[in-house]
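Raw contents of input10.cif, mmCIF, C-alpha atoms:
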data_entry
loop_
_atom_site.label_atom_id
_atom_site.label_comp_id
_atom_site.auth_asym_id
_atom_site.auth_seq_id
_atom_site.Cartn_x
_atom_site.Cartn_y
_atom_site.Cartn_z
CA MET A 1 -27.97 -10.09 4.42
CA ILE A 2 -26.39 -7.83 1.83
CA GLU A 3 -28.16 -5.16 -0.20
CA VAL A 4 -26.37 -4.86 -3.50
CA ASP A 5 -26.24 -1.38 -4.98
CA LYS A 6 -24.54 0.32 -7.90
CA SER A 7 -21.79 1.79 -5.76
CA LEU A 8 -20.81 -1.64 -4.39
CA ILE A 9 -20.66 -3.03 -7.90
CA ARG A 10 -18.71 -0.05 -9.23
CA LYS A 11 -16.27 -0.18 -6.31
CA PHE A 12 -15.65 -3.88 -6.97
CA ALA A 13 -15.18 -3.35 -10.71
CA MET A 14 -12.69 -0.56 -10.00
CA ALA A 15 -10.80 -2.72 -7.53
CA ILE A 16 -10.34 -5.48 -10.08
CA GLY A 17 -9.53 -2.96 -12.80
CA ASP A 18 -12.26 -4.10 -15.19
CA PRO A 19 -13.18 -1.28 -17.58
CA ASN A 20 -16.34 -3.00 -18.84
CA PRO A 21 -19.00 -0.25 -18.80
CA LEU A 22 -21.61 -2.92 -18.07
CA TYR A 23 -20.57 -2.62 -14.42
CA SER A 24 -20.75 1.15 -14.06
CA ASP A 25 -22.45 2.93 -16.97
CA GLU A 26 -26.23 2.77 -16.66
CA GLY A 27 -26.75 4.21 -20.13
CA TYR A 28 -24.50 1.63 -21.75
CA ALA A 29 -25.89 -1.23 -19.68
CA ARG A 30 -29.51 -0.36 -20.53
CA ALA A 31 -28.76 -0.72 -24.22
CA THR A 32 -27.38 -4.26 -23.76
CA ARG A 33 -29.30 -7.49 -23.37
CA PHE A 34 -28.88 -7.13 -19.61
CA GLY A 35 -31.08 -4.03 -19.56
CA GLY A 36 -29.09 -2.47 -16.73
CA ILE A 37 -25.97 -2.65 -14.63
CA VAL A 38 -24.90 -6.10 -13.46
CA ALA A 39 -22.05 -7.19 -11.23
CA PRO A 40 -18.85 -8.83 -12.50
CA PRO A 41 -18.99 -12.62 -12.22
CA THR A 42 -16.46 -12.68 -9.39
CA PHE A 43 -18.50 -10.16 -7.35
CA VAL A 44 -19.71 -13.13 -5.32
CA SER A 45 -16.37 -12.91 -3.49
CA ALA A 46 -17.57 -9.62 -1.98
CA LEU A 47 -20.34 -11.51 -0.20
CA MET A 48 -18.09 -13.89 1.70
CA ASN A 49 -17.02 -11.87 4.72
CA GLY A 50 -17.79 -13.91 7.79
CA HIS A 51 -18.25 -17.09 5.75
CA TRP A 52 -14.93 -17.83 4.03
CA PRO A 53 -12.34 -18.74 5.17
CA ASP A 54 -14.02 -18.66 8.59
CA VAL A 55 -15.98 -21.82 7.83
CA VAL A 56 -12.84 -23.96 7.60
CA VAL A 57 -10.45 -24.68 10.45
CA GLN A 58 -7.57 -22.22 10.58
CA GLY A 59 -4.52 -21.71 12.76
CA LEU A 60 -3.50 -25.32 12.35
CA PRO A 61 0.06 -26.47 13.10
CA PHE A 62 1.05 -26.15 9.45
CA GLY A 63 3.41 -23.57 8.06
CA LYS A 64 1.02 -22.16 5.49
CA GLU A 65 -2.69 -22.05 4.76
CA LEU A 66 -3.85 -20.95 1.33
CA HIS A 67 -6.92 -20.74 -0.85
CA SER A 68 -6.60 -23.65 -3.28
CA SER A 69 -9.49 -23.57 -5.73
CA ASP A 70 -13.04 -22.41 -6.41
CA ASN A 71 -15.90 -23.75 -8.46
CA LEU A 72 -18.55 -21.10 -8.96
CA VAL A 73 -22.01 -21.48 -10.45
CA LEU A 74 -23.91 -18.27 -11.11
CA ASP A 75 -27.61 -18.94 -11.57
CA ARG A 76 -28.13 -15.41 -12.79
CA ASP A 77 -26.33 -12.09 -12.90
CA ILE A 78 -26.28 -10.17 -9.63
CA ARG A 79 -27.90 -6.75 -9.96
CA PRO A 80 -28.37 -3.56 -7.97
CA GLY A 81 -31.38 -3.97 -5.73
CA ASP A 82 -30.69 -7.61 -4.96
CA VAL A 83 -30.93 -8.43 -1.28
CA LEU A 84 -28.80 -11.50 -0.80
CA THR A 85 -28.78 -13.93 2.09
CA CYS A 86 -25.57 -15.89 2.29
CA LYS A 87 -24.44 -18.94 4.18
CA ALA A 88 -21.54 -21.33 4.16
CA ARG A 89 -21.06 -24.79 5.48
CA PHE A 90 -18.06 -26.99 6.01
CA LYS A 91 -18.09 -30.05 3.79
CA HIS A 92 -15.15 -32.26 4.59
CA ALA A 93 -11.41 -32.51 5.11
CA TRP A 94 -8.85 -34.99 3.91
CA LEU A 95 -5.13 -35.51 3.70
CA ARG A 96 -3.44 -35.56 0.34
CA GLN A 97 0.03 -36.87 -0.26
CA SER A 98 2.09 -34.78 -2.65
CA PRO A 99 5.72 -35.01 -3.76
CA ARG A 100 6.48 -32.14 -1.38
CA GLY A 101 4.70 -33.58 1.62
CA VAL A 102 1.32 -34.00 3.22
CA ARG A 103 -1.43 -31.49 2.45
CA LEU A 104 -4.55 -30.97 4.54
CA MET A 105 -7.45 -30.13 2.24
CA GLN A 106 -10.69 -28.61 3.51
CA SER A 107 -13.74 -27.97 1.39
CA ALA A 108 -16.75 -25.78 2.02
CA GLU A 109 -19.87 -24.61 0.24
CA PHE A 110 -21.09 -21.05 -0.04
CA LEU A 111 -24.61 -20.16 -1.19
CA ALA A 112 -26.35 -16.88 -1.90
CA HIS A 113 -30.13 -16.58 -2.24
CA ASP A 114 -32.06 -13.51 -3.31
CA GLN A 115 -35.04 -11.73 -1.83
CA ASN A 116 -37.37 -14.24 -3.51
CA GLY A 117 -35.57 -17.19 -1.99
CA ASP A 118 -34.07 -18.18 -5.33
CA ARG A 119 -30.48 -19.32 -5.43
CA VAL A 120 -28.19 -16.82 -7.13
CA ALA A 121 -24.76 -18.32 -6.61
CA TYR A 122 -23.09 -21.48 -5.40
CA VAL A 123 -19.39 -21.80 -4.72
CA GLU A 124 -17.41 -24.83 -3.71
CA LEU A 125 -14.22 -23.62 -2.06
CA LEU A 126 -11.07 -25.49 -1.19
CA SER A 127 -8.26 -24.56 1.16
CA VAL A 128 -4.87 -26.23 1.56
CA ALA A 129 -2.59 -26.28 4.58
CA PHE A 130 0.99 -27.52 4.44
CA MET Y 1 -4.55 -28.42 -27.26
CA SER Y 2 -2.47 -26.80 -29.94
CA ASN Y 3 -2.30 -23.05 -30.38
CA SER Y 4 -4.51 -21.84 -33.14
CA SER Y 5 -2.99 -20.02 -36.08
CA ARG Y 6 -6.03 -17.69 -36.14
CA LEU Y 7 -5.35 -14.28 -34.72
CA PRO Y 8 -7.71 -12.99 -32.03
CA PHE Y 9 -8.65 -9.95 -34.08
CA SER Y 10 -12.31 -10.79 -34.55
CA SER Y 11 -14.67 -7.95 -33.73
CA CYS Y 12 -17.65 -10.25 -33.54
CA PHE Y 13 -18.19 -13.17 -31.17
CA GLU Y 14 -19.95 -15.18 -33.89
CA ASP Y 15 -16.60 -15.43 -35.66
CA LEU Y 16 -14.87 -17.04 -32.67
CA ALA Y 17 -13.88 -20.66 -33.17
CA GLU Y 18 -12.50 -23.45 -31.07
CA GLY Y 19 -8.79 -22.99 -30.62
CA ASP Y 20 -8.87 -19.20 -30.93
CA LEU Y 21 -6.67 -17.39 -28.47
CA LEU Y 22 -8.10 -14.35 -26.74
CA PRO Y 23 -5.87 -11.27 -26.56
CA GLU Y 24 -3.38 -11.47 -23.75
CA LEU Y 25 -3.93 -9.20 -20.79
CA VAL Y 26 -0.79 -7.89 -19.14
CA HIS Y 27 -1.57 -6.48 -15.73
CA GLU Y 28 0.53 -5.40 -12.80
CA VAL Y 29 -0.97 -6.16 -9.41
CA THR Y 30 0.20 -3.49 -7.00
CA GLY Y 31 0.08 -3.27 -3.24
CA GLU Y 32 -2.46 -0.48 -3.70
CA GLN Y 33 -4.75 -2.70 -5.75
CA ILE Y 34 -4.54 -5.46 -3.16
CA ILE Y 35 -5.52 -3.01 -0.44
CA ARG Y 36 -8.32 -1.62 -2.61
CA PHE Y 37 -9.61 -5.15 -3.14
CA CYS Y 38 -9.53 -5.72 0.62
CA GLY Y 39 -12.09 -2.93 0.88
CA ALA Y 40 -14.16 -3.88 -2.15
CA ALA Y 41 -14.40 -7.53 -1.15
CA ASP Y 42 -14.53 -6.80 2.58
CA ASP Y 43 -11.65 -9.24 3.03
CA TYR Y 44 -8.91 -8.02 5.33
CA GLY Y 45 -7.03 -11.30 5.69
CA LEU Y 46 -3.51 -10.82 7.02
CA PRO Y 47 -1.74 -12.19 3.91
CA HIS Y 48 -3.08 -9.23 1.95
CA TRP Y 49 -1.84 -6.29 4.02
CA ASN Y 50 0.48 -7.41 6.80
CA HIS Y 51 3.96 -7.58 5.31
CA VAL Y 52 5.67 -8.40 8.62
CA TRP Y 53 3.29 -11.26 9.37
CA MET Y 54 3.82 -12.69 5.90
CA VAL Y 55 7.61 -12.57 6.18
CA GLU Y 56 7.37 -14.27 9.59
CA HIS Y 57 5.38 -17.03 7.88
CA GLY Y 58 7.89 -17.67 5.14
CA TYR Y 59 6.71 -15.40 2.36
CA ASP Y 60 8.50 -12.48 0.73
CA GLY Y 61 5.59 -10.17 1.47
CA ILE Y 62 1.88 -9.67 0.89
CA ILE Y 63 0.04 -11.55 -1.81
CA ALA Y 64 -3.10 -10.90 -3.82
CA HIS Y 65 -6.36 -12.53 -2.83
CA GLY Y 66 -7.12 -15.63 -4.83
CA TRP Y 67 -10.38 -13.98 -5.85
CA LEU Y 68 -8.53 -10.87 -7.05
CA SER Y 69 -6.25 -12.98 -9.23
CA CYS Y 70 -9.33 -14.81 -10.48
CA ALA Y 71 -11.16 -11.57 -11.25
CA ILE Y 72 -8.20 -10.25 -13.24
CA MET Y 73 -7.98 -13.54 -15.11
CA CYS Y 74 -11.70 -13.27 -15.97
CA ARG Y 75 -11.04 -9.84 -17.47
CA VAL Y 76 -9.46 -11.70 -20.38
CA VAL Y 77 -13.10 -12.44 -21.24
CA THR Y 78 -15.18 -9.64 -19.73
CA GLY Y 79 -12.70 -6.90 -20.60
CA TRP Y 80 -12.53 -7.87 -24.28
CA PRO Y 81 -15.08 -5.97 -26.39
CA PRO Y 82 -16.41 -8.95 -28.42
CA MET Y 83 -17.24 -10.68 -25.12
CA ARG Y 84 -18.27 -7.70 -23.04
CA ASP Y 85 -21.92 -8.71 -23.06
CA ALA Y 86 -21.22 -12.32 -22.12
CA SER Y 87 -23.04 -13.90 -19.19
CA VAL Y 88 -20.62 -15.99 -17.18
CA ARG Y 89 -22.48 -18.89 -15.64
CA ASP Y 90 -19.77 -21.09 -14.26
CA LEU Y 91 -16.17 -20.62 -13.35
CA ASN Y 92 -13.55 -23.08 -12.17
CA VAL Y 93 -10.25 -21.78 -10.88
CA ARG Y 94 -7.13 -23.26 -9.29
CA TYR Y 95 -4.65 -21.12 -7.38
CA LEU Y 96 -1.33 -22.70 -8.26
CA GLN Y 97 1.10 -20.27 -6.65
CA PRO Y 98 0.81 -17.20 -4.45
CA ASN Y 99 0.51 -14.02 -6.50
CA PRO Y 100 2.66 -11.23 -4.99
CA PRO Y 101 2.62 -7.70 -6.42
CA GLY Y 102 4.08 -7.71 -9.90
CA LEU Y 103 3.37 -8.25 -13.56
CA GLY Y 104 1.08 -11.03 -14.67
CA HIS Y 105 0.35 -12.30 -18.15
CA TYR Y 106 -3.21 -13.55 -18.49
CA GLY Y 107 -4.55 -15.46 -21.44
CA GLY Y 108 -7.45 -17.49 -22.68
CA GLN Y 109 -8.37 -19.94 -25.40
CA ILE Y 110 -11.73 -21.05 -26.77
CA VAL Y 111 -12.07 -24.72 -25.84
CA ALA Y 112 -15.58 -25.31 -27.11
CA ARG Y 113 -18.27 -23.39 -28.91
CA THR Y 114 -21.85 -24.56 -29.11
CA MET Y 115 -25.03 -23.02 -30.38
CA CYS Y 116 -28.00 -22.88 -28.07
CA ASP Y 117 -31.55 -21.60 -28.38
CA ASP Y 118 -30.66 -18.09 -27.32
CA GLY Y 119 -27.19 -17.70 -28.79
CA PHE Y 120 -23.77 -19.20 -28.30
CA LYS Y 121 -22.04 -20.88 -25.41
CA PHE Y 122 -18.25 -20.73 -25.17
CA ARG Y 123 -16.05 -22.73 -22.87
CA ILE Y 124 -12.84 -20.79 -22.38
CA ALA Y 125 -9.65 -21.98 -20.73
CA LEU Y 126 -7.92 -19.21 -18.78
CA TRP Y 127 -4.56 -18.80 -17.11
CA GLY Y 128 -2.23 -16.31 -15.52
CA ALA Y 129 1.54 -16.53 -15.46
CA HIS Y 130 4.37 -14.60 -13.88
CA ALA Y 131 6.92 -12.87 -16.08
CA ASP Y 132 9.08 -16.01 -16.01
CA GLY Y 133 6.25 -18.07 -17.48
CA ARG Y 134 5.28 -19.95 -14.32
CA ARG Y 135 1.52 -20.19 -14.09
CA PHE Y 136 0.08 -19.07 -10.78
CA ILE Y 137 -3.57 -19.47 -11.69
CA ASP Y 138 -5.63 -21.37 -14.22
CA GLY Y 139 -9.20 -22.30 -14.81
CA SER Y 140 -12.11 -22.04 -17.21
CA VAL Y 141 -15.39 -20.21 -17.66
CA THR Y 142 -18.56 -20.79 -19.60
CA ALA Y 143 -19.72 -17.62 -21.30
CA HIS Y 144 -23.11 -17.21 -22.96
CA LEU Y 145 -23.60 -14.70 -25.76
#
In structure tokens, how does this file's structure come out?
Amino acid sequence: MIEVDKSLIRKFAMAIGDPNPLYSDEGYARATRFGGIVAPPTFVSALMNGHWPDVVVQGLPFGKELHSSDNLVLDRDIRPGDVLTCKARFKHAWLRQSPRGVRLMQSAEFLAHDQNGDRVAYVELLSVAF
Amino acid sequence: MSNSSRLPFSSCFEDLAEGDLLPELVHEVTGEQIIRFCGAADDYGLPHWNHVWMVEHGYDGIIAHGWLSCAIMCRVVTGWPPMRDASVRDLNVRYLQPNPPGLGHYGGQIVARTMCDDGFKFRIALWGAHADGRRFIDGSVTAHL
């Protein structure tokens, strides 16, 4: 369970170098249609500790294991005060033949729900080992 | 899709049209930023701070998190004043190559623009390329304004 606050959002925005005042300036944000500070769309990545890439099998006898792709759906903007419950589950794995050899693909789902039990974010993640 | 001849100088999102290119973002990912993102995202994976481990595993050194590269790529939209108030509702991203510290050129192009009850919806193709032009990341977002 993660309690989102302004400092977490500001710290994330600073780390990604996004100067958008929507993420840090309460006065600016209040005057927008958001009515207050919201998190950058990729802030969902800050919720994944313990879920990704832990949910897929790692340490396999391949030379490299990398993050391959993400498909993110944000049901609403994440805001200070949100208390998010997150979980991930392994979906499936398959082998893919590529010109440079065999790739092991693993997919997983990550979900975040808010304090009302409403879904806030869904991510389908893919890793590749080769 | 062909490059549009329209310049991305519009100060108003209503003027954006399919084919418009968003202003390029040139950004240098540094080792410091990667470490800072480790803290902000609570992700201390070895590829992002352990140079020796990475070299032992066939890389030249540490690389940026996929999510960091994605976040920088999204700044093409969220960091551009006409789209600052956009709500991003879905995002698809592919990590094509590792992204080590260095310069990246990030761009975007309006793929589709539709009117909805509460404003406009834009589908925007995004990408990031190394200085030699090789793309290391691409994807798309849907932004509501």
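If you count only C-alpha atoms and draw a sphere of 9 Å around (-24.2, -8.2, -3.5), the protein and nucleic acid residues inside it come out as Met1, Ile2, Glu3, Val4, Asp5, Leu8, Ile9, Ala39, Phe43, Val44, Ala46, Leu47, Ile78, Arg79, Pro80, Gly81, Asp82, Val83 and Leu84 of chain A.
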Atom CA of A:Ile37 to atom CA of Y:Ala112, straight-line distance in Å: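 Atom CA of Y:Ala112 sits 27.9 Å away from atom CA of A:Ile37.
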Between atom CA of Y:Asp42 and atom CA of A:Gln106 - distance in Å to one decimal: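 One can read the atom CA of A:Gln106 to atom CA of Y:Asp42 distance as 22.2 Å.
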Contact table chain Y vs chain A, cut-off 7 Å, shortest pair per residue, only C-alpha atoms, as a Markdown table:
| residue | atom | partner | partner_atom | distance |
| --- | --- | --- | --- | --- |
| Y:Gln33 | CA | A:Ala15 | CA | 6.3 |
| Y:Arg36 | CA | A:Ala15 | CA | 5.6 |
| Y:Phe37 | CA | A:Ala15 | CA | 5.2 |
| Y:Ala40 | CA | A:Phe12 | CA | 5.0 |
| Y:Ala41 | CA | A:Ala46 | CA | 3.9 |
| Y:Asp42 | CA | A:Asn49 | CA | 6.0 |
| Y:Asp43 | CA | A:Asn49 | CA | 6.2 |
| Y:His57 | CA | A:Gly63 | CA | 6.8 |
| Y:Gly66 | CA | A:His67 | CA | 6.5 |
| Y:Trp67 | CA | A:Ser45 | CA | 6.5 |
| Y:Leu68 | CA | A:Ile16 | CA | 6.4 |
| Y:Ala71 | CA | A:Thr42 | CA | 5.7 |
| Y:Ile72 | CA | A:Ile16 | CA | 6.1 |
| Y:Arg75 | CA | A:Asp18 | CA | 6.3 |
| Y:Thr78 | CA | A:Asn20 | CA | 6.8 |
| Y:Gly79 | CA | A:Asn20 | CA | 5.6 |
| Y:Arg84 | CA | A:Asn20 | CA | 6.6 |
| Y:Val88 | CA | A:Pro41 | CA | 6.2 |
| Y:Arg89 | CA | A:Leu74 | CA | 4.8 |
| Y:Asp90 | CA | A:Val73 | CA | 4.4 |
| Y:Leu91 | CA | A:Leu72 | CA | 5.0 |
| Y:Asn92 | CA | A:Asn71 | CA | 4.4 |
| Y:Val93 | CA | A:Asp70 | CA | 5.3 |
| Y:Arg94 | CA | A:Ser69 | CA | 4.3 |
| Y:Tyr95 | CA | A:Ser68 | CA | 5.2 |
Taking all listed atoms of stretch 19-33 of chain A, build the axis-aligned box, pad each of the six sides by 3 Å, then write its centre and edge lengths in Å to one decimal as lines of an AutoDock Vina configuration file.
center_x = -21.3
center_y = -1.6
center_z = -19.1
size_x = 22.3
size_y = 17.7
size_z = 16.2
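Residues captured in this structure file are Pro8, Asp20, Leu22, Gly108 and Gln109 of chain Y, according to the PyMOL selection byres ((chain Y and resi 21) around 6).
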Spatial neighbours of Y:Glu28, 7 Å, all atoms listed in the file, chain gap at least 6 places, as a PyMOL selection string: chain Y and resi 102-104
Atomic distance atom CA of A:Glu109 - atom CA of A:Ala93, expressed in Å with one decimal: 12.6 Å
The PyMOL selection byres ((chain A and resi 86-91) around 7) applied to the shown file, residues as an MDAnalysis selection string: chainID A and resid 1 51 55:56 84:85 92 107:113
Hits from the PyMOL selection byres ((chain Y and resi 132-134) around 12), listed as JSON, numbers by chain: {"Y": [96, 97, 98, 99, 102, 103, 104, 105, 106, 107, 127, 128, 129, 130, 131, 135, 136, 137, 138]}
Close residues, Y:Val55 itself excluded, 12 Å, only C-alpha atoms, min 6 positions apart in chain, as a PDB file with C-alpha atoms, keeping the file's coordinate frame:
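Output below, filename result.pdb:
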ATOM      1  CA  GLY A  63       3.410 -23.570   8.060  1.00  0.00           C
ATOM      2  CA  LYS A  64       1.020 -22.160   5.490  1.00  0.00           C
TER       3      LYS A  64
ATOM      4  CA  LEU Y  46      -3.510 -10.820   7.020  1.00  0.00           C
ATOM      5  CA  PRO Y  47      -1.740 -12.190   3.910  1.00  0.00           C
ATOM      6  CA  HIS Y  48      -3.080  -9.230   1.950  1.00  0.00           C
ATOM      7  CA  TRP Y  49      -1.840  -6.290   4.020  1.00  0.00           C
ATOM      8  CA  GLY Y  61       5.590 -10.170   1.470  1.00  0.00           C
ATOM      9  CA  ILE Y  62       1.880  -9.670   0.890  1.00  0.00           C
ATOM     10  CA  ILE Y  63       0.040 -11.550  -1.810  1.00  0.00           C
TER      11      ILE Y  63
END
